[in-house]
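Encoded as structure tokens, the structure appears first; notes follow it.
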Protein chains: 2
Amino acid sequence: VLASDASRRATKPAAGPAAPTDAAGSAQRPLPADGLRLTAGLLHDWQHRNASASMPLALRQLEVAGNLDNLRLAIGVAADGDGHADAAAGDVDGEAYHGPAFMDSDIYKTLEAIGWELAHGDRPEFVEFAARTIGLLERAQQPDGYLNSYVQATRTPRYANLARSHEMYCAGHLIQAAIALHRCTGAPLAESGRLLAIATRFADHLVREFSGQEKGIDGHPIIETALVELYRETGTGTYLNLARQFVDQRGHGLVGDSGLGRRYLQDHLPIRETDTEVGHVVRALYLEAGVTDVATETRDDELLQSSITRWADMVATKTYLTGGNGSRHVDEGFGDRFELPPDRAYNETCAAIASFQWSWRLLLATGDAKYADHMERVLYNGFAEAIAAGGDRFFYVNPLQRRADHFEKDDPGRRREWFSCACCPPNAMRLMASLERYLATATDDTLYLHQYTGAELTGANLAVSITTDYPWSGQVTLRVLAAPSAPRVLAFRIPAWSASSSFKINNSAEQAVVPQHGYLLVHQQWRPGDEITLHLDMTPRWTYPDRRVDAVHGCAAIERGPLVYCFEQVDQLVPLDELAVRPGVRLAEREVTLDGIGRTIQVSVAARHVPPPPEQPVPRVSAVAIPYFHWDNRGPGAMRVWIPGA
Amino acid sequence: VLASDASRRATKPAAGPAAPTDAAGSAQRPLPADGLRLTAGLLHDWQHRNASASMPLALRQLEVAGNLDNLRLAIGVAADGDGHADAAAGDVDGEAYHGPAFMDSDIYKTLEAIGWELAHGDRPEFVEFAARTIGLLERAQQPDGYLNSYVQATRTPRYANLARSHEMYCAGHLIQAAIALHRCTGAPLAESGRLLAIATRFADHLVREFSGQEKGIDGHPIIETALVELYRETGTGTYLNLARQFVDQRGHGLVGDSGLGRRYLQDHLPIRETDTEVGHVVRALYLEAGVTDVATETRDDELLQSSITRWADMVATKTYLTGGNGSRHVDEGFGDRFELPPDRAYNETCAAIASFQWSWRLLLATGDAKYADHMERVLYNGFAEAIAAGGDRFFYVNPLQRRADHFEKDDPGRRREWFSCACCPPNAMRLMASLERYLATATDDTLYLHQYTGAELTGANLAVSITTDYPWSGQVTLRVLAAPSAPRVLAFRIPAWSASSSFKINNSAEQAVVPQHGYLLVHQQWRPGDEITLHLDMTPRWTYPDRRVDAVHGCAAIERGPLVYCFEQVDQLVPLDELAVRPGVRLAEREVTLDGIGRTIQVSVAARHVPPPPEQPVPRVSAVAIPYFHWDNRGPGAMRVWIPGA
């Protein structure tokens, strides 16, 4: 059944994540896999930190937390055969399954991160881990292609409780890991083909079990986008068909009962009939990635338009300034429109990743710069903030305010190394390892630059280098390294936040940017050595909330370039919750190096100290803000993004 | 072991709930049971509605939901003996235990409501239900006194999981029901003594199992206050000792693990070392009722002072304007200080009841009018609002704001007849049925009037009648019906919200009230026919939040007398969330009769319509508010207590 994809890859090495086929209705395409490299700057440093600090932690934790033992347990059960069916569930040969039912997915996310990371160069410990783990997976996989350590180790019936079991969720992450390893051109990993074979065997099994059936769909989406990507990687159309089927079947009660209702599972209405995001955020947004992928590959404009409509509604009414999503702890869910409490924001790290991935797919489908704008907001704020400066601790929940005496149950709410539900850390790792793949896109005659950082990029037959100190500086210099003989368009995204932007080409005079649909378009015959310098406006600015967001009524926030700022107690002279500002007053910036953070740019503002009565307000104190993604790196204490007006 | 209490009751019929012994360190005492009667007005009507609409609903629901079947199941299991121990847990003889582990408590709360209600006159259907149910309880109780349908029907080991099992929680409600029926003087219920015997057998069992041991304490308090009350009713000191032991043992990890942490269970620190309420609100506040009871009966001033300190902190930093408590859905819990989101307020109905009961005990202990002030706030707002105008539907969660498109999981958040966790409706019924018992207190020479409503009261050898249209009117007339030959003090609570209060005695001139510690004290020789008329200030007023409550920064609310007001969409000309006001402008009131609500007083205010951009604000519209407790009786729609400043 497997299409031979070797020939496809020789002619069209896809970068991915999300690499639409030539037949897809995509406005823009990812750059080829060998046309992307981070060379310097913040994103480069983050990616390096990911490989040197975060990923080694994951490799350890997968042993400590028992994820790999679960696979070994499943192998043991398979070896026992049916003769030992009397073993109690979850307790086989004196060992017990560890953790939640979706522990396999943490392994797959880590393998996916290894796949993307190996594109940057050899890492023997990652190769060794991947080879060893792929060996375990091969042994654990059942003859018909099924693979799930929880179901196998605890002898739970397959697909008996799809609302909770995460069986296809784990399959989806397996497929994504296999594709990442497989796309990792030049990786010294002979096993990458073996992992793809495991994934396709599982996918083929899913096709046999579910294709054309109404047997159920998984309570936690991701299989949809994974199957489309597997179709893209292998050319096997049945995977696309099954993804489309799962998308269309949602909303008819096929998922079952999770105990938290049908909205929680996005199973309350057919997807084409919904106009707003509801329920569990990560589920909703992974589903949207799949919806967009299916719509793009099947050229289903109605389906694509429904996703676009919900994206616009989500960004306008259910998204935090940091790009985060999720207003409720109780179901890790979306709230009502404009229900965006900063202190009780859930903003799961995985939700930021899912949102980033969905926006990327809409960017490819439509070419609309607003999706890249939003990706930038998510990347530098809601996502980046989840990871400690050292790369070794993570937030699961990412609020915009924390009080000094904060407790969530018994947890003071600081970053942690790992979690009993450890979905977020390895998810962050797979995005960090693939970061360069989201920088730019191309059409036949245009190279689109979406995210600015030190990089070398190739697209539309143009090779360019980017030099910049972004996001600290708004100056971005593009140098043409190689160019075809025909004219090409260089398209620079002009962020909506840049109040005044200018550029110059080589030694020409500086000109004001007049964006067209969010881009500066420069169309000409390029020569190696040509330079374009873009200036974006990094002046710190006040941001005011939509007045329908009750929770921050009368407050304002500070942003600088793509960075949302926050006030941390450690930088203030008075209690943080007794500070008030007059929004609109001048903001002063200062580059500093702070212990625990390193280099950053502080913004300070004249403020008032408003102590509780009977004390009198003090007209003038100075309040100091740092980038939101830098908070909680200097000990505990209060933090807030939105600050009340005096 | 049972002290003979017949003689005690003959000389000192205690009203309760919470009837301190003569030995207790109480500043004030409840009035005698036969010295309290509601005669007319809102509280009288609520109590009548409770008996005619709410309680009959409970009697039906306890059959429909399976609470009584659970008792029958436990009886069946007991009859089976140990020979059938192979029956699967929760499925005995083809029947299964219904609902959560604490289903018995709903039965006990209903019996308690019946106890208080029978003091108002004969209700044959309640007598019949109580007699029948007491018969079931007698048969279900095990020979050693243990009684719990969940543990017995599902053959769960006793006390094996006290963090979750609610075994002593159910025992506490059993004891409270037995006491209510027993205190119900003149009740035509021969069985009341039998229920007290069941309760004391269980209490004696608890004493044998736990007294002097470190075997564990219940994850859900109420046994503490119940045991003190049983001591008060029976004179058996071991009950008081066990209550004190449970209070002192908390904070040492004896409760076990509920999965939500030790703060959730108030087991994170010894109670004397805590200065703020944390964790599950109902648990915390039932515990405080027990703490206050123990401290009062043992004259433990340090313990009492710790409860007073936490009460003050709670009211200042963790209480909603409506008197509600609970800022978080995820654990039905307290939030951080000043974390009081109006839309995500949890404010469980049971929490309002628990808060009312704790404040009552602190009022008795200290005589401080602020506790009665707070009881009034809770009674007329957070508690009253939980019950539909018809008495037949209930809120479990009581927010201060609801958006038009609200969903909580799949629930649009309106009142419901019953709940799968049905703790709130029968809890509301037991408070409604005993409402007159919280109106007044006495010392030897003073009759304290705390809540104003049409009533006849006897205390300090004074018999008085109260005539008033409170809370609609601020005029309260007290007429002396009988008086002793010695002078007596009449003490009228002057609510903190009454900006200017006056009174006159018989035909004297009107005088301004000069409150002493929150009371108007009138000390003289009284004669039958003497009248005091009190005028409290019912002018509608603006209320501003503490500026540390971020969630309502820049907003204001309207109150009138003891009533918090709210804006419901149905009364507005424009979308509710697009209204803004200038706090401080004149408020106009108007008495109206509304479908679904009946008689009420509306308050209207000039407002602005602020539509989302690009529309322009409209300077003048009128916004109309109604009492918060009246909302959600006229169909769905948005509601808010706090309204933003223009």
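Identifiers in the structure tokens: chain A, B, ... in order shown; residue index from 1 per chain; ligand index from 1 in order shown.
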Restrict the distance test to only C-alpha atoms, flag each residue of chain B within 10 Å of chain A, and return the flagged residues as JSON, numbers by chain.
{"B": [259, 260, 261, 262, 263, 264, 265, 268, 278, 279, 280, 327, 328, 329, 330, 331, 332, 333, 334, 335, 336, 337, 338, 339, 341, 342, 343, 344, 402, 403, 404, 405, 406, 407, 408, 409, 410, 411, 546, 547, 548, 549, 550, 551, 552, 553, 554, 555, 577, 578, 610, 611, 612, 613, 642, 643, 644, 645]}
For a quick check of understanding, using only C-alpha atoms, which of B:Trp311, B:Tyr346, B:Tyr108, B:Phe102 has the smallest distance to Val281 in chain B?
B:Tyr346
Ranking B:Lys370, B:Gly323, B:Leu362, B:Val247 by minimum distance to Thr349 in chain B and counting only C-alpha atoms, which one comes first?
B:Gly323
Within range 471-567 of chain A, find each residue whose DSSP state, derived from the backbone, is strand (DSSP E or B), and express the selection as a PyMOL selection string.
chain A and resi 475-482+488-493+502-505+511-512+516+519-524+531-535+541-543+555-560+563-567
For CA of Ile217 in chain B and CA of Gln142 in chain B, quote the distance in Å rounded to one decimal.
20.9 Å
Which residue, B:Pro515, B:Gly251, B:Pro221, B:Gly390, has the smallest gap to Glu288 in chain B when you use only C-alpha atoms?
B:Pro221
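If you count only C-alpha atoms and ignore residues fewer than 2 places along the chain from Ala386 in chain B, what sits within 10 Å of it is Asn347, Glu348, Thr349, Cys350, Ala352, Asn381, Gly382, Phe383, Ala384, Ala388, Ala389, Gly391, Arg393, Phe394, Phe395, Tyr396, Val397, Asn398, Arg415, Cys424, Pro425, Ala428, Phe629, His630, Trp631 and Asp632 of chain B.
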N, CA, C and O atoms of the current selection, written as a compact mmCIF listing (two decimals), in the first residue's frame:
```txt
# COMPACT_ATOMS: atom_id res chain seq x y z
N ASN B 347 -18.71 30.72 44.13
CA ASN B 347 -19.77 31.11 45.08
C ASN B 347 -20.81 30.02 45.24
O ASN B 347 -22.02 30.26 45.09
N GLU B 348 -20.35 28.84 45.53
CA GLU B 348 -21.28 27.72 45.68
C GLU B 348 -22.38 28.06 46.69
O GLU B 348 -22.10 28.68 47.72
N THR B 349 -23.57 27.65 46.40
CA THR B 349 -24.69 27.91 47.31
C THR B 349 -24.39 27.37 48.70
O THR B 349 -24.64 28.03 49.72
N CYS B 350 -23.83 26.19 48.76
CA CYS B 350 -23.47 25.61 50.06
C CYS B 350 -22.45 26.47 50.80
O CYS B 350 -22.43 26.48 52.04
N ALA B 352 -22.34 29.74 50.75
CA ALA B 352 -23.08 30.84 51.38
C ALA B 352 -23.72 30.35 52.68
O ALA B 352 -23.72 31.06 53.69
N ASN B 381 -28.54 38.11 49.36
CA ASN B 381 -27.87 38.19 48.07
C ASN B 381 -27.35 36.82 47.66
O ASN B 381 -28.06 36.07 47.00
N GLY B 382 -26.17 36.46 48.08
CA GLY B 382 -25.57 35.21 47.62
C GLY B 382 -26.40 33.98 47.91
O GLY B 382 -26.40 33.02 47.13
N PHE B 383 -27.12 33.97 49.02
CA PHE B 383 -27.95 32.81 49.33
C PHE B 383 -29.32 32.88 48.64
O PHE B 383 -29.73 31.96 47.94
N ALA B 384 -30.01 34.01 48.81
CA ALA B 384 -31.38 34.10 48.28
C ALA B 384 -31.41 33.91 46.77
O ALA B 384 -32.33 33.31 46.21
N ALA B 388 -34.85 29.93 42.70
CA ALA B 388 -35.75 30.58 41.74
C ALA B 388 -36.92 31.21 42.46
O ALA B 388 -37.29 30.80 43.57
N ALA B 389 -37.53 32.18 41.81
CA ALA B 389 -38.68 32.87 42.41
C ALA B 389 -39.76 31.87 42.82
O ALA B 389 -40.45 32.06 43.82
N GLY B 391 -39.20 28.80 43.81
CA GLY B 391 -38.70 27.85 44.80
C GLY B 391 -38.39 26.47 44.23
O GLY B 391 -38.05 25.55 44.99
N ARG B 393 -36.24 25.74 41.47
CA ARG B 393 -34.98 25.59 40.74
C ARG B 393 -33.87 26.27 41.53
O ARG B 393 -34.14 27.20 42.28
N PHE B 394 -32.65 25.81 41.30
CA PHE B 394 -31.54 26.25 42.15
C PHE B 394 -30.27 26.49 41.34
O PHE B 394 -30.00 25.79 40.37
N PHE B 395 -29.53 27.48 41.77
CA PHE B 395 -28.15 27.62 41.30
C PHE B 395 -27.23 26.85 42.22
O PHE B 395 -27.42 26.85 43.45
N TYR B 396 -26.24 26.25 41.64
CA TYR B 396 -25.15 25.64 42.40
C TYR B 396 -24.01 26.66 42.46
O TYR B 396 -23.36 26.83 43.48
N VAL B 397 -23.80 27.34 41.33
CA VAL B 397 -22.74 28.34 41.18
C VAL B 397 -23.41 29.69 41.03
O VAL B 397 -24.40 29.81 40.31
N ASN B 398 -22.89 30.71 41.70
CA ASN B 398 -23.59 31.99 41.77
C ASN B 398 -22.67 33.14 41.38
O ASN B 398 -22.13 33.84 42.24
N ARG B 415 -30.60 28.20 36.47
CA ARG B 415 -30.98 27.36 37.61
C ARG B 415 -31.53 26.03 37.13
O ARG B 415 -32.14 25.95 36.07
N CYS B 424 -26.55 21.30 47.12
CA CYS B 424 -27.06 22.64 47.38
C CYS B 424 -28.56 22.72 47.66
O CYS B 424 -28.96 23.36 48.64
N PRO B 425 -29.43 22.13 46.82
CA PRO B 425 -30.86 22.36 47.07
C PRO B 425 -31.32 21.97 48.48
O PRO B 425 -31.93 22.81 49.17
N ALA B 428 -30.07 24.45 51.03
CA ALA B 428 -30.85 25.69 51.05
C ALA B 428 -32.16 25.48 51.82
O ALA B 428 -32.61 26.37 52.56
N PHE B 629 -30.94 39.04 43.72
CA PHE B 629 -31.58 37.76 44.00
C PHE B 629 -32.75 37.49 43.07
O PHE B 629 -33.25 36.37 43.02
N HIS B 630 -33.17 38.49 42.31
CA HIS B 630 -34.28 38.31 41.37
C HIS B 630 -33.85 37.92 39.97
O HIS B 630 -34.70 37.68 39.12
N TRP B 631 -32.56 37.84 39.70
CA TRP B 631 -32.16 37.62 38.30
C TRP B 631 -32.42 36.17 37.88
O TRP B 631 -32.65 35.29 38.69
N ASP B 632 -32.42 35.99 36.55
CA ASP B 632 -32.63 34.67 35.93
C ASP B 632 -34.02 34.10 36.23
O ASP B 632 -34.20 32.89 36.30
```
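The closest residue to Arg194 in chain A, picked from A:Glu214, A:Ala19, A:Thr133, A:Thr543 and counting only C-alpha atoms, is A:Thr133.
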Any chance you could list, as a VMD selection string, the residues in range 27-267 of chain A that come up helix (DSSP H, G or I) when DSSP is run on the backbone?
chain A and resid 33 to 35 42 to 64 67 to 84 103 to 118 124 to 140 149 to 153 162 to 165 167 to 183 192 to 210 223 to 234 237 to 249
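Of the listed residues B:Asp368, B:Asp204, B:Glu277, B:Glu117, the one whose atoms come nearest to Thr236 in chain B is B:Asp204, with distances taken using only C-alpha atoms.
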Report as a ChimeraX atom specification all protein, DNA and RNA residues lying within 9 Å of Leu254 in chain B, evaluated on only C-alpha atoms, omitting residues in the same chain fewer than 3 positions from it.
/B:163,214-218,249-251,267
Please produce a file of those selected residues containing N, CA and C atoms, as a short mmCIF file (atom, residue, chain, number, x, y, z; two decimals), in the first residue's frame.
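Done, and the output landed in part-v4.cif:
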```
data_model
loop_
_atom_site.label_atom_id
_atom_site.label_comp_id
_atom_site.auth_asym_id
_atom_site.auth_seq_id
_atom_site.Cartn_x
_atom_site.Cartn_y
_atom_site.Cartn_z
N ALA B 163 -10.07 10.98 52.81
CA ALA B 163 -9.93 12.22 52.04
C ALA B 163 -11.10 12.39 51.07
N GLU B 214 -4.93 8.44 66.21
CA GLU B 214 -4.53 9.24 65.04
C GLU B 214 -4.84 8.44 63.78
N LYS B 215 -6.08 7.99 63.68
CA LYS B 215 -6.47 7.11 62.58
C LYS B 215 -6.91 7.86 61.33
N GLY B 216 -7.07 9.16 61.47
CA GLY B 216 -7.53 9.90 60.30
C GLY B 216 -8.64 10.87 60.68
N ILE B 217 -8.87 11.84 59.81
CA ILE B 217 -9.99 12.75 59.96
C ILE B 217 -10.65 12.90 58.60
N ASP B 218 -11.88 13.33 58.60
CA ASP B 218 -12.65 13.34 57.36
C ASP B 218 -12.20 14.47 56.44
N GLN B 249 -6.29 18.01 65.17
CA GLN B 249 -5.50 17.08 64.35
C GLN B 249 -5.30 17.58 62.93
N ARG B 250 -6.13 18.53 62.51
CA ARG B 250 -6.02 19.00 61.14
C ARG B 250 -4.70 19.73 60.93
N GLY B 251 -4.11 19.54 59.73
CA GLY B 251 -2.86 20.22 59.42
C GLY B 251 -1.64 19.36 59.62
N ASP B 267 -5.62 20.93 55.25
CA ASP B 267 -4.74 20.04 56.01
C ASP B 267 -3.27 20.42 55.81
#
```
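The space between CA of His609 in chain B and CA of Pro575 in chain B spans 8.3 Å.
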Can you tell me which residues surround Ala354 in chain B at a distance of at most 6 Å, considering only C-alpha atoms, apart from same-chain residues fewer than 2 positions away, and format the answer as a PyMOL selection string?
chain B and resi 285-286+351-352+356-357
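From CA of Ile223 in chain B back to CA of Thr156 in chain B, the distance works out to 20.6 Å.
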Contacts of Asp469 in chain A at 12 Å or less, counting only C-alpha atoms, minus same-chain residues fewer than 5 places along, as number ranges by chain?
A: 39-44, 452-455, 474-477, 535-536, 538, 599-600
Residue neighbourhood Ser420 in chain B, 8 Å, only C-alpha atoms, exclusion window fewer than 3 positions, as an MDAnalysis selection string
chainID B and resid 65 99:100
